[in-house]
file query-v3.cif (mmCIF, C-alpha atoms and all ligand atoms)
data_protein
#
loop_
_atom_site.label_atom_id
_atom_site.label_comp_id
_atom_site.auth_asym_id
_atom_site.auth_seq_id
_atom_site.Cartn_x
_atom_site.Cartn_y
_atom_site.Cartn_z
CA MET A 186 116.37 88.16 96.48
CA LYS A 187 115.10 88.53 92.93
CA VAL A 188 113.32 91.80 92.30
CA LEU A 189 111.31 93.06 89.33
CA VAL A 190 111.08 96.83 88.74
CA VAL A 191 108.23 97.90 86.45
CA GLY A 192 108.81 101.08 84.42
CA SER A 193 111.41 102.75 82.24
CA GLY A 194 112.17 106.25 83.47
CA GLY A 195 114.68 108.07 85.64
CA ARG A 196 112.56 107.19 88.67
CA GLU A 197 112.92 103.49 87.94
CA HIS A 198 116.66 103.86 87.28
CA ALA A 199 117.04 105.52 90.69
CA VAL A 200 115.10 102.66 92.32
CA VAL A 201 117.16 100.01 90.49
CA ASP A 202 120.37 101.78 91.47
CA ALA A 203 119.33 101.94 95.14
CA LEU A 204 118.29 98.27 95.14
CA ALA A 205 121.56 97.28 93.47
CA GLN A 206 123.43 98.58 96.57
CA SER A 207 121.67 96.02 98.76
CA SER A 208 123.65 92.98 99.88
CA ARG A 209 120.47 90.91 99.77
CA ILE A 210 119.90 91.40 96.02
CA SER A 211 120.75 88.49 93.77
CA LYS A 212 119.02 89.66 90.59
CA ILE A 213 117.12 92.69 89.30
CA PHE A 214 114.78 92.53 86.31
CA ALA A 215 113.39 95.72 84.77
CA ALA A 216 110.39 95.80 82.47
CA PRO A 217 110.92 97.41 80.06
CA GLY A 218 113.83 99.47 81.55
CA ASN A 219 116.18 101.67 79.52
CA GLY A 220 119.79 101.98 78.37
CA GLY A 221 121.14 102.92 81.79
CA ILE A 222 119.08 100.45 83.79
CA ALA A 223 120.53 97.73 81.53
CA GLU A 224 123.87 98.12 83.35
CA GLN A 225 122.38 97.02 86.66
CA ALA A 226 119.39 94.90 85.69
CA GLU A 227 118.30 92.40 83.09
CA LEU A 228 115.84 94.12 80.77
CA VAL A 229 112.58 92.31 80.06
CA ALA A 230 110.72 93.34 76.91
CA ILE A 231 107.28 93.66 78.49
CA SER A 232 105.52 97.00 78.61
CA ALA A 233 104.77 98.49 82.04
CA ASP A 234 101.01 98.27 81.33
CA ASP A 235 100.94 94.62 80.28
CA ILE A 236 99.84 93.34 83.65
CA GLU A 237 99.09 89.73 82.72
CA ARG A 238 102.46 89.20 81.04
CA LEU A 239 104.29 90.85 83.94
CA ALA A 240 102.51 88.55 86.37
CA SER A 241 103.36 85.45 84.30
CA PHE A 242 106.97 86.56 84.06
CA ALA A 243 107.24 87.13 87.81
CA ARG A 244 105.72 83.73 88.51
CA GLU A 245 107.93 81.86 86.01
CA GLN A 246 111.11 83.56 87.26
CA ARG A 247 110.11 83.16 90.91
CA VAL A 248 110.52 86.88 91.54
CA ASP A 249 110.48 87.58 95.30
CA LEU A 250 109.32 91.19 95.13
CA THR A 251 107.95 93.52 92.45
CA PHE A 252 108.10 97.32 92.56
CA VAL A 253 105.75 99.30 90.31
CA GLY A 254 106.94 102.77 89.24
CA PRO A 255 104.25 104.34 87.01
CA GLU A 256 100.63 105.24 87.78
CA VAL A 257 98.95 103.61 84.78
CA PRO A 258 99.56 99.95 85.75
CA LEU A 259 98.68 100.81 89.37
CA SER A 260 95.37 102.34 88.31
CA LYS A 261 94.72 99.31 86.09
CA GLY A 262 95.13 96.96 89.05
CA ILE A 263 98.59 95.42 88.71
CA VAL A 264 98.82 95.14 92.48
CA ASP A 265 95.46 93.37 92.71
CA VAL A 266 96.64 90.82 90.13
CA PHE A 267 99.96 90.18 91.89
CA ILE A 268 98.27 89.86 95.28
CA GLY A 269 95.75 87.48 93.70
CA HIS A 270 98.66 85.26 92.68
CA GLY A 271 100.21 85.55 96.15
CA MET A 272 103.19 87.51 94.84
CA PRO A 273 104.68 90.30 97.00
CA VAL A 274 104.40 93.71 95.34
CA ILE A 275 105.03 97.34 96.31
CA GLY A 276 102.16 99.66 95.43
CA PRO A 277 98.51 100.39 96.17
CA THR A 278 95.57 98.45 94.73
CA ALA A 279 93.53 100.03 91.93
CA ASP A 280 90.93 101.06 94.47
CA GLN A 281 93.53 102.76 96.69
CA ALA A 282 95.20 104.32 93.63
CA ARG A 283 91.97 106.25 92.93
CA LEU A 284 93.47 108.91 95.21
CA GLU A 285 95.54 109.66 92.11
CA SER A 286 93.49 108.30 89.22
CA SER A 287 90.30 110.26 89.96
CA LYS A 288 90.62 113.87 91.02
CA SER A 289 86.92 114.07 91.97
CA PHE A 290 87.21 110.94 94.13
CA ALA A 291 90.31 112.44 95.76
CA LYS A 292 88.72 115.84 96.41
CA ARG A 293 85.66 114.24 98.00
CA PHE A 294 87.98 112.13 100.12
CA PHE A 295 89.88 115.26 101.28
CA GLU A 296 86.58 116.95 102.11
CA THR A 297 85.20 114.00 104.08
CA ASN A 298 88.41 113.71 106.06
CA GLN A 299 88.84 117.46 106.60
CA ILE A 300 92.18 117.61 104.86
CA PRO A 301 93.22 121.19 103.96
CA THR A 302 92.79 121.62 100.20
CA ALA A 303 91.48 124.17 97.67
CA ALA A 304 87.69 124.70 97.66
CA PHE A 305 86.17 122.87 94.68
CA SER A 306 83.14 121.87 92.66
CA GLU A 307 82.74 118.63 90.78
CA CYS A 308 81.23 118.92 87.30
CA SER A 309 79.82 116.01 85.30
CA THR A 310 78.30 118.07 82.51
CA PRO A 311 79.47 121.12 80.52
CA ALA A 312 76.35 123.00 81.68
CA LYS A 313 77.33 122.54 85.33
CA ALA A 314 80.92 123.55 84.55
CA TYR A 315 79.88 126.78 82.78
CA HIS A 316 77.54 127.51 85.64
CA VAL A 317 80.29 127.05 88.25
CA LEU A 318 82.52 129.42 86.28
CA GLU A 319 79.94 132.17 86.58
CA ARG A 320 80.51 132.38 90.30
CA SER A 321 84.29 131.62 90.28
CA LYS A 322 87.08 134.01 91.19
CA TYR A 323 90.05 134.28 88.83
CA PRO A 324 92.51 132.76 88.26
CA VAL A 325 90.55 129.52 88.48
CA VAL A 326 91.92 125.97 88.26
CA ILE A 327 90.26 123.40 85.99
CA LYS A 328 91.25 119.76 86.31
CA ALA A 329 90.32 116.73 84.24
CA ASP A 330 89.14 113.97 86.53
CA GLY A 331 91.22 111.11 85.12
CA LEU A 332 94.91 110.37 84.53
CA ALA A 333 96.32 112.75 81.93
CA ALA A 334 100.12 112.46 82.22
CA GLY A 335 100.42 116.05 83.47
CA LYS A 336 98.21 117.51 80.71
CA GLY A 337 94.93 117.65 82.60
CA VAL A 338 95.22 120.91 84.55
CA VAL A 339 94.49 124.39 83.19
CA ILE A 340 94.99 127.56 85.21
CA ALA A 341 92.69 130.07 83.54
CA GLN A 342 93.31 133.78 84.15
CA ARG A 343 90.07 134.96 82.55
CA PRO A 344 86.53 133.64 81.95
CA ASP A 345 87.07 133.16 78.20
CA GLU A 346 90.14 130.96 78.84
CA ALA A 347 88.20 128.95 81.38
CA ARG A 348 85.31 128.42 78.97
CA ASP A 349 87.75 127.36 76.24
CA ALA A 350 89.27 124.80 78.59
CA ILE A 351 85.87 123.32 79.34
CA LYS A 352 84.99 123.23 75.67
CA LEU A 353 88.24 121.44 74.88
CA LEU A 354 88.21 118.96 77.77
CA MET A 355 84.52 118.13 77.99
CA GLU A 356 83.03 118.84 74.60
CA ALA A 357 85.93 118.14 72.20
CA LYS A 358 87.12 115.40 74.63
CA SER A 359 90.78 116.33 74.02
CA LEU A 360 91.88 113.89 76.75
CA GLY A 361 89.21 111.29 76.03
CA GLU A 362 87.43 109.81 79.05
CA ALA A 363 89.84 111.54 81.47
CA GLY A 364 87.95 114.78 80.80
CA ALA A 365 84.41 113.38 81.08
CA LYS A 366 84.26 114.86 84.57
CA LEU A 367 86.03 117.98 85.80
CA VAL A 368 87.01 119.51 89.09
CA ILE A 369 86.95 123.31 89.20
CA GLU A 370 88.87 124.65 92.15
CA GLU A 371 90.11 127.71 93.93
CA PHE A 372 93.56 128.99 92.93
CA LEU A 373 96.07 128.76 95.78
CA ALA A 374 99.14 131.00 95.88
CA GLY A 375 102.45 129.84 97.33
CA GLU A 376 105.48 127.62 96.82
CA GLU A 377 104.96 123.99 95.89
CA ALA A 378 106.60 121.04 97.60
CA SER A 379 106.57 117.27 97.09
CA PHE A 380 106.20 115.15 100.19
CA HIS A 381 106.52 111.36 99.95
CA VAL A 382 105.89 108.63 102.49
CA PHE A 383 106.37 104.89 102.55
CA ALA A 384 103.20 103.16 103.79
CA ASP A 385 102.68 99.53 104.79
CA GLY A 386 98.91 99.42 105.33
CA ALA A 387 99.17 100.22 109.02
CA THR A 388 101.82 102.88 109.48
CA PHE A 389 103.99 105.24 107.45
CA GLN A 390 107.47 106.75 107.33
CA PRO A 391 108.02 110.20 105.78
CA MET A 392 110.78 110.83 103.27
CA VAL A 393 112.76 114.06 102.87
CA ALA A 394 110.92 116.84 101.02
CA ALA A 395 111.66 117.82 97.44
CA GLN A 396 110.65 120.43 94.90
CA ASP A 397 110.36 119.85 91.17
CA HIS A 398 110.31 122.15 88.16
CA LYS A 399 107.50 121.29 85.77
CA ARG A 400 107.78 124.16 83.30
CA ARG A 401 110.00 123.75 80.30
CA PHE A 402 111.99 126.99 80.46
CA ASP A 403 113.89 129.10 82.99
CA GLY A 404 111.87 131.26 85.35
CA ASP A 405 109.02 128.69 85.31
CA SER A 406 107.93 129.73 81.83
CA GLY A 407 106.74 127.71 78.83
CA PRO A 408 104.68 124.53 78.68
CA ASN A 409 104.34 121.95 81.42
CA THR A 410 106.57 118.90 81.15
CA GLY A 411 107.12 115.65 82.98
CA GLY A 412 109.73 117.52 85.07
CA MET A 413 112.89 119.45 84.19
CA GLY A 414 114.70 119.04 87.50
CA ALA A 415 114.32 118.74 91.25
CA TYR A 416 116.18 119.30 94.46
CA SER A 417 115.93 118.16 98.05
CA ILE A 418 117.08 120.02 101.13
CA ASP A 419 115.65 119.98 104.61
CA THR A 420 114.68 123.66 104.52
CA ILE A 421 111.97 123.13 101.87
CA LEU A 422 109.56 122.73 104.79
CA SER A 423 109.89 124.45 108.14
CA ILE A 424 109.41 122.21 111.18
CA ALA A 425 105.91 123.67 111.65
CA GLN A 426 105.03 123.00 108.01
CA HIS A 427 106.42 119.46 108.23
CA ASP A 428 104.33 118.75 111.31
CA ALA A 429 101.23 120.21 109.68
CA VAL A 430 101.71 118.01 106.62
CA VAL A 431 102.20 114.87 108.70
CA ASN A 432 99.41 115.53 111.21
CA ARG A 433 96.75 117.26 109.14
CA ILE A 434 97.28 115.69 105.72
CA ILE A 435 99.16 112.37 105.73
CA ARG A 436 97.93 110.87 109.00
CA PRO A 437 94.20 111.46 108.45
CA THR A 438 94.57 110.19 104.88
CA LEU A 439 96.18 106.92 105.88
CA GLN A 440 93.80 106.52 108.80
CA ALA A 441 90.88 106.77 106.38
CA ALA A 442 92.52 104.77 103.55
CA ARG A 443 93.36 102.12 106.12
CA SER A 444 95.16 99.49 104.12
CA TYR A 445 97.01 101.84 101.73
CA SER A 446 100.36 100.32 100.90
CA GLY A 447 103.32 101.47 98.81
CA ILE A 448 104.39 105.04 98.15
CA LEU A 449 102.11 108.02 98.74
CA TYR A 450 103.20 111.35 97.31
CA ALA A 451 101.47 114.55 98.37
CA GLY A 452 101.68 117.53 96.01
CA LEU A 453 101.53 120.51 98.38
CA MET A 454 100.99 124.24 98.14
CA LEU A 455 102.65 126.05 101.03
CA THR A 456 100.12 128.84 101.47
CA SER A 457 100.14 131.69 104.00
CA ASP A 458 97.36 129.70 105.64
CA GLY A 459 99.53 126.59 106.06
CA PRO A 460 100.27 123.66 103.71
CA LYS A 461 97.36 122.60 101.52
CA LEU A 462 97.05 119.44 99.49
CA LEU A 463 96.85 119.94 95.72
CA GLU A 464 96.77 116.26 94.87
CA TYR A 465 98.00 112.81 95.73
CA ASN A 466 100.02 110.51 93.53
CA ALA A 467 99.95 106.81 94.33
CA ARG A 468 103.62 106.33 93.46
CA PHE A 469 107.01 108.04 93.48
CA GLY A 470 107.40 111.37 91.67
CA ASP A 471 109.75 111.71 88.74
CA PRO A 472 112.27 113.45 88.99
CA GLU A 473 111.81 113.82 92.80
CA THR A 474 112.70 110.16 93.40
CA GLN A 475 116.14 110.74 91.92
CA VAL A 476 117.04 113.33 94.59
CA ILE A 477 115.18 111.66 97.46
CA LEU A 478 116.73 108.23 97.02
CA PHE A 479 120.16 109.78 96.50
CA ARG A 480 119.83 111.02 100.11
CA LEU A 481 118.53 107.74 101.56
CA LYS A 482 121.14 105.87 103.60
CA THR A 483 118.87 102.99 104.63
CA ASP A 484 118.87 99.94 102.34
CA LEU A 485 115.85 100.43 100.05
CA LEU A 486 115.29 96.68 99.80
CA ASP A 487 114.97 96.56 103.60
CA VAL A 488 112.31 99.28 103.43
CA PHE A 489 110.44 97.43 100.66
CA THR A 490 110.58 94.21 102.69
CA ASP A 491 109.20 96.08 105.71
CA ILE A 492 106.31 97.29 103.54
CA VAL A 493 105.26 93.84 102.31
CA GLU A 494 105.73 92.37 105.80
CA HIS A 495 103.91 95.28 107.52
CA ARG A 496 106.92 95.99 109.73
CA LEU A 497 107.51 99.63 108.80
CA ALA A 498 106.68 100.88 112.32
CA ALA A 499 110.00 99.58 113.66
CA ARG A 500 112.08 101.16 110.89
CA GLN A 501 114.20 104.27 111.48
CA LEU A 502 114.96 105.75 108.07
CA GLU A 503 118.38 107.33 107.79
CA TRP A 504 119.03 110.25 105.47
CA ARG A 505 122.20 112.00 104.39
CA ASN A 506 122.43 115.42 105.92
CA GLU A 507 123.22 116.86 102.49
CA ALA A 508 121.47 118.48 99.58
CA ALA A 509 120.70 116.74 96.30
CA ALA A 510 119.78 118.18 92.91
CA THR A 511 118.92 116.70 89.54
CA VAL A 512 119.02 118.42 86.18
CA VAL A 513 117.04 116.78 83.40
CA LEU A 514 118.78 116.76 80.02
CA VAL A 515 116.11 116.88 77.34
CA ALA A 516 115.95 116.97 73.55
CA ARG A 517 115.54 120.60 72.44
CA GLU A 518 112.02 120.14 71.00
CA TYR A 519 110.68 118.49 74.16
CA PRO A 520 107.79 118.41 75.16
CA GLY A 521 106.95 118.53 71.45
CA ARG A 522 107.82 115.76 69.04
CA VAL A 523 111.49 114.82 69.24
CA GLU A 524 113.81 112.85 67.06
CA SER A 525 115.46 109.94 68.90
CA GLY A 526 118.53 107.88 68.12
CA LYS A 527 121.24 110.49 68.83
CA GLU A 528 124.40 109.05 70.29
CA ILE A 529 125.23 110.20 73.84
CA THR A 530 128.86 110.76 74.86
CA GLY A 531 130.57 111.67 78.12
CA LEU A 532 128.72 109.13 80.29
CA ASN A 533 131.85 107.17 81.25
CA GLU A 534 133.67 110.36 82.24
CA ALA A 535 130.66 111.38 84.36
CA LYS A 536 130.79 108.06 86.23
CA ARG A 537 134.19 108.96 87.63
CA ILE A 538 132.88 112.04 89.41
CA GLU A 539 132.30 111.55 93.10
CA GLY A 540 128.81 112.26 94.44
CA VAL A 541 127.17 112.21 90.99
CA LYS A 542 124.79 109.72 89.39
CA VAL A 543 123.41 110.01 85.90
CA TYR A 544 120.03 108.29 85.90
CA HIS A 545 118.73 107.42 82.47
CA ALA A 546 115.21 108.18 81.29
CA GLY A 547 114.79 108.14 77.51
CA THR A 548 117.83 106.13 76.45
CA ARG A 549 118.53 102.88 74.69
CA SER A 550 121.71 100.83 74.63
CA GLU A 551 122.94 99.17 71.47
CA GLY A 552 126.32 97.65 70.68
CA GLY A 553 127.90 99.19 73.75
CA ARG A 554 126.73 102.70 72.85
CA ILE A 555 123.91 104.74 74.36
CA TYR A 556 121.38 106.58 72.20
CA THR A 557 118.56 109.00 72.99
CA ASN A 558 115.11 107.41 73.03
CA GLY A 559 112.56 110.07 73.92
CA GLY A 560 112.34 113.70 75.01
CA ARG A 561 113.56 113.43 78.59
CA VAL A 562 116.90 111.75 78.19
CA LEU A 563 119.06 111.82 81.34
CA ASN A 564 118.83 113.01 84.96
CA VAL A 565 122.16 114.35 86.14
CA THR A 566 121.94 114.00 89.91
CA ALA A 567 124.45 115.27 92.46
CA ARG A 568 124.89 115.53 96.20
CA GLY A 569 126.71 118.24 98.09
CA ALA A 570 127.18 119.64 101.57
CA THR A 571 125.04 122.58 100.41
CA LEU A 572 122.49 122.95 97.63
CA ALA A 573 124.88 125.33 95.86
CA GLN A 574 127.55 122.61 95.79
CA ALA A 575 125.13 119.94 94.61
CA LEU A 576 123.95 122.23 91.80
CA GLU A 577 127.46 123.18 90.80
CA LYS A 578 128.37 119.52 90.41
CA ALA A 579 125.19 118.62 88.55
CA TYR A 580 125.69 121.48 86.08
CA PHE A 581 129.35 120.59 85.60
CA VAL A 582 128.36 117.08 84.56
CA ALA A 583 125.41 118.34 82.50
CA GLN A 584 128.00 120.15 80.38
CA MET A 585 130.27 117.11 80.05
CA ILE A 586 127.57 114.96 78.52
CA GLU A 587 126.79 115.58 74.88
CA PHE A 588 124.14 114.61 72.39
CA ASP A 589 122.72 116.38 69.38
CA GLY A 590 119.96 118.75 70.52
CA LYS A 591 120.79 118.58 74.24
CA ASP A 592 119.05 121.21 76.34
CA TYR A 593 118.31 121.81 80.03
CA ARG A 594 117.09 124.47 82.41
CA ARG A 595 119.79 126.67 83.94
CA ASP A 596 117.84 127.61 87.06
CA ILE A 597 117.11 124.34 88.83
CA GLY A 598 117.16 124.82 92.61
CA LYS A 599 117.39 128.61 92.41
CA LYS A 600 114.45 129.06 94.77
CA GLY A 601 116.04 126.64 97.23
CA LEU A 602 119.26 128.68 97.26
CA ALA A 603 117.33 131.65 98.56
CA LYS A 604 116.22 129.72 101.65
N1 LIG B 701 94.44 124.88 93.35
C1 LIG B 701 95.57 125.20 92.74
N2 LIG B 701 96.08 126.45 92.87
C2 LIG B 701 97.20 126.81 92.21
N3 LIG B 701 97.89 125.99 91.39
C3 LIG B 701 97.44 124.73 91.23
C4 LIG B 701 96.25 124.27 91.90
N4 LIG B 701 96.05 122.99 91.55
C5 LIG B 701 97.05 122.65 90.71
N5 LIG B 701 97.88 123.69 90.51
C6 LIG B 701 99.09 123.70 89.66
O1 LIG B 701 98.91 122.74 88.61
C7 LIG B 701 99.87 121.70 88.72
C8 LIG B 701 99.24 120.37 88.35
O2 LIG B 701 98.16 120.11 89.24
P1 LIG B 701 98.04 118.72 89.97
O3 LIG B 701 96.83 118.76 90.84
O4 LIG B 701 99.33 118.41 90.64
O5 LIG B 701 97.70 117.73 88.78
P2 LIG B 701 98.59 116.75 87.87
O6 LIG B 701 99.92 116.57 88.52
O7 LIG B 701 97.79 115.51 87.86
O8 LIG B 701 98.65 117.41 86.54
C9 LIG B 701 100.37 121.78 90.15
O9 LIG B 701 101.68 121.26 90.27
C10 LIG B 701 100.31 123.27 90.42
O10 LIG B 701 101.42 123.94 89.85
MG MG B 702 100.97 117.06 90.18
#
call {"tool": "encode", "arguments": {"input": "query-v3.cif", "output": "C-alpha cells"}}
result
Amino acid sequence: MKVLVVGSGGREHAVVDALAQSSRISKIFAAPGNGGIAEQAELVAISADDIERLASFAREQRVDLTFVGPEVPLSKGIVDVFIGHGMPVIGPTADQARLESSKSFAKRFFETNQIPTAAFSECSTPAKAYHVLERSKYPVVIKADGLAAGKGVVIAQRPDEARDAIKLLMEAKSLGEAGAKLVIEEFLAGEEASFHVFADGATFQPMVAAQDHKRRFDGDSGPNTGGMGAYSIDTILSIAQHDAVVNRIIRPTLQAARSYSGILYAGLMLTSDGPKLLEYNARFGDPETQVILFRLKTDLLDVFTDIVEHRLAARQLEWRNEAAATVVLVAREYPGRVESGKEITGLNEAKRIEGVKVYHAGTRSEGGRIYTNGGRVLNVTARGATLAQALEKAYFVAQMIEFDGKDYRRDIGKKGLAK
C-alpha cells in the first residue's frame, strides 16, 4: 500500500515510523515531513494546509490511504475533499472537527449530551463577557472559541486579569477571528490526562492513556508550549476512571456524533467528582502520540484500514505492558523566537540504543546532516518495564544528543512516578 502522511511534527514521525513497520507498506509519502521522517518516507514539498495540492498529489500518485496529523487542514475540510474524490483518508470531516475547532460548539454539544464538563457561558460580545465575569468565581477560565495553537486559554486568578484577557482577545483581537467569541468556564482542580480513541463512524477502540507537560519549565512553570514531554503508563487512570471516561464521555459523544471517523482525543481533568472533559481534539496529540504508538503492538496500518473499511469493531488492539516516556529537546529560547540551522549530533549513536526512538519535530536534513528547524526539535522516546526505567533511558539519550542551545525539562513523568 502507498500511504500519504500529512504534517511535519514528532506526531507525524511517530505515525510514519509505526506504518513503516507494516509488511503491507510499499511506499510512504510525507507532506511536508521533516529531517527524520525523510529516512522512512519520501518528502513531498506541499504544506499541510494546501488541501487542493495534496488531493491532486494523492490522485496522481494513486495513494491508497492518507493520514492527516494536524488540526488546521482537518478544520478546513481536507477529509471532505478527499472523500469527494473517492480517496480513503483517516480523519473527521470539517463538520465533525468542530468538536475541536469551535469551543462554543463543543461546549454546547457536551451540554446537550450530558457529558461531564466545566460549567460555562458563551459570550459573543465584550459586554456579555464582562457581565459574566461579575458573577464568576476565581480562578476563572477564559477560552477563545477558535483554533489558537495552544494560545487561546487564559486562567485568570483575579478580576483585573480576566478583564485584561477579554480586552486582548475580543477588543484588540490578538488571535484574530479565533477570539471573536469566548467561552468563560468554571475552573476545575485535578490532574490532567489525555485519552485517545480510534473511531470508524460506528464504533471505537480506546488507546492507552497519556499525560503531557505543556509548561515550558520544571514544576509546570513558565509559558505554555506545544508540549515539553509526555508519558504513558496504565496507572494514569484507575479502572473506575477509565470506565467513567469510556461510558460517560466517549460513548455518548460518538453516539451523538454518529459518523465521526479518525482519531478523537479527550483532554480530561480528573476531579474529585470524577473525570471531566476539558476539550476534544479531532486528531492525535503531540507529544502524546509518540508514547502511545511506542506501546502499540498491533500494526497501525491494519487499524487505519479497519477505520476506512468500518471494521474496527472486530479489532483487538494489543499494547505493550510497559511504560513509555518522551522528552522534547527544544531550542533554549522556545517558545519565543528561535534561531534554526544548528547542526545536531549524536543521532546515530542514539539509534543503537535498544528501546529508544528519537522522533524528529523541527529538523531538516541536508547533505547527510541534520539541522534544527524550529523550536521543538526532537522527541527522545523510550520504553521500559517501569516508568522510572523508561525515563532513565530517555534522559540518557537526551544527554547524548547535542545541538547549540539544546534545552529540555528535567521533570518529565515525575507525577507518574508517584503513582
Ligand atoms: N476548566 C478548566 N479548569 C482548569 N484548567 C483548565 C480548564 N480548561 C482548560 N484548562 C487548562 O488549560 C489548558 C488548555 O485548555 P484546553 O481546553 O485544552 O484548550 P487548548 O488545548 O485548545 O488550548 C488545559 O490543558 C488545562 O491545563
Ligand atoms: Mg488542550
call {"tool": "axis_aligned_box", "arguments": {"input": "query-v3.cif", "around": "ligand LIG 701 (chain B)", "padding_each_side": "3 Å", "output": "lines of an AutoDock Vina configuration file"}}
result
center_x = 98.1
center_y = 121.2
center_z = 89.9
size_x = 13.2
size_y = 17.3
size_z = 12.8
call {"tool": "atom_distance", "arguments": {"input": "query-v3.cif", "atom1": "atom CA of A:Ile597", "atom2": "atom CA of A:Thr571"}}
result
14.1 Å
call {"tool": "residues_around", "arguments": {"input": "query-v3.cif", "residues": "stretch 313-315 of chain A", "least_positions_apart": "4", "cutoff": "8 Å", "atoms": "all atoms listed in the file", "output": "PyMOL selection string"}}
result
chain A and resi 308-309+319+348+351+367+369
call {"tool": "residues_around", "arguments": {"input": "query-v3.cif", "residues": "A:Phe294", "least_positions_apart": "2", "cutoff": "12 Å", "atoms": "all atoms listed in the file", "output": "PyMOL selection string"}}
result
chain A and resi 281+283-285+287-292+296-302+434+437-442+462+464-465
call {"tool": "residues_near_ligand", "arguments": {"input": "query-v3.cif", "ligand": "ligand LIG 701 (chain B)", "cutoff": "6 Å", "atoms": "all atoms listed in the file", "output": "ChimeraX atom specification"}}
result
/A:303,326,335-338,370-374,452,463-464
call {"tool": "closest_residue", "arguments": {"input": "query-v3.cif", "among": "A:Tyr519, A:Phe402, A:Tyr450, A:Phe383", "to": "ligand MG 702 (chain B)", "atoms": "all atoms listed in the file"}}
result
A:Tyr450
call {"tool": "closest_residue", "arguments": {"input": "query-v3.cif", "among": "A:Leu478, A:Leu204, A:Ala333, A:Ala429", "to": "ligand MG 702 (chain B)", "atoms": "all atoms listed in the file"}}
result
A:Ala333
call {"tool": "atom_distance", "arguments": {"input": "query-v3.cif", "atom1": "atom CA of A:Gly407", "atom2": "atom CA of A:Arg522"}}
result
15.5 Å
call {"tool": "residues_near_point", "arguments": {"input": "query-v3.cif", "point": "(128.4, 108.4, 86.9)", "cutoff": "12 Å", "atoms": "all atoms listed in the file", "output": "PyMOL selection string"}}
result
chain A and resi 202+221+224+531-545+563-567+578-579+582-583+585-586
call {"tool": "write_last_selection", "arguments": {"input": "query-v3.cif", "atoms": "C-alpha atoms", "output": "CSV table (one decimal), in the frame of the given file"}}
result
chain,number,residue,atom,x,y,z
A,202,ASP,CA,120.4,101.8,91.5
A,221,GLY,CA,121.1,102.9,81.8
A,224,GLU,CA,123.9,98.1,83.4
A,531,GLY,CA,130.6,111.7,78.1
A,532,LEU,CA,128.7,109.1,80.3
A,533,ASN,CA,131.8,107.2,81.2
A,534,GLU,CA,133.7,110.4,82.2
A,535,ALA,CA,130.7,111.4,84.4
A,536,LYS,CA,130.8,108.1,86.2
A,537,ARG,CA,134.2,109.0,87.6
A,538,ILE,CA,132.9,112.0,89.4
A,539,GLU,CA,132.3,111.6,93.1
A,540,GLY,CA,128.8,112.3,94.4
A,541,VAL,CA,127.2,112.2,91.0
A,542,LYS,CA,124.8,109.7,89.4
A,543,VAL,CA,123.4,110.0,85.9
A,544,TYR,CA,120.0,108.3,85.9
A,545,HIS,CA,118.7,107.4,82.5
A,563,LEU,CA,119.1,111.8,81.3
A,564,ASN,CA,118.8,113.0,85.0
A,565,VAL,CA,122.2,114.4,86.1
A,566,THR,CA,121.9,114.0,89.9
A,567,ALA,CA,124.4,115.3,92.5
A,578,LYS,CA,128.4,119.5,90.4
A,579,ALA,CA,125.2,118.6,88.6
A,582,VAL,CA,128.4,117.1,84.6
A,583,ALA,CA,125.4,118.3,82.5
A,585,MET,CA,130.3,117.1,80.0
A,586,ILE,CA,127.6,115.0,78.5
call {"tool": "closest_residue", "arguments": {"input": "query-v3.cif", "among": "A:Val274, A:Ala378, A:Ile213, A:Val201", "to": "ligand MG 702 (chain B)", "atoms": "all atoms listed in the file"}}
result
A:Ala378
call {"tool": "decode", "arguments": {"input": "query-v3.cif", "residues": "stretch 333-347 of chain A", "atoms": "C-alpha atoms", "output": "mmCIF file, in the first residue's frame"}}
result
data_model
loop_
_atom_site.group_PDB
_atom_site.id
_atom_site.type_symbol
_atom_site.label_atom_id
_atom_site.label_comp_id
_atom_site.auth_asym_id
_atom_site.auth_seq_id
_atom_site.Cartn_x
_atom_site.Cartn_y
_atom_site.Cartn_z
ATOM 1 C CA ALA A 333 -5.334 29.098 18.515
ATOM 2 C CA ALA A 334 -2.425 26.616 18.536
ATOM 3 C CA GLY A 335 -2.490 26.386 22.337
ATOM 4 C CA LYS A 336 -2.567 30.171 22.867
ATOM 5 C CA GLY A 337 -6.303 30.628 23.324
ATOM 6 C CA VAL A 338 -6.796 29.779 27.009
ATOM 7 C CA VAL A 339 -6.236 32.145 29.937
ATOM 8 C CA ILE A 340 -6.622 31.091 33.564
ATOM 9 C CA ALA A 341 -7.264 34.348 35.389
ATOM 10 C CA GLN A 342 -6.691 34.463 39.149
ATOM 11 C CA ARG A 343 -8.289 37.869 39.663
ATOM 12 C CA PRO A 344 -10.989 40.041 38.025
ATOM 13 C CA ASP A 345 -8.468 42.520 36.573
ATOM 14 C CA GLU A 346 -6.576 39.696 34.816
ATOM 15 C CA ALA A 347 -9.822 38.327 33.467
#
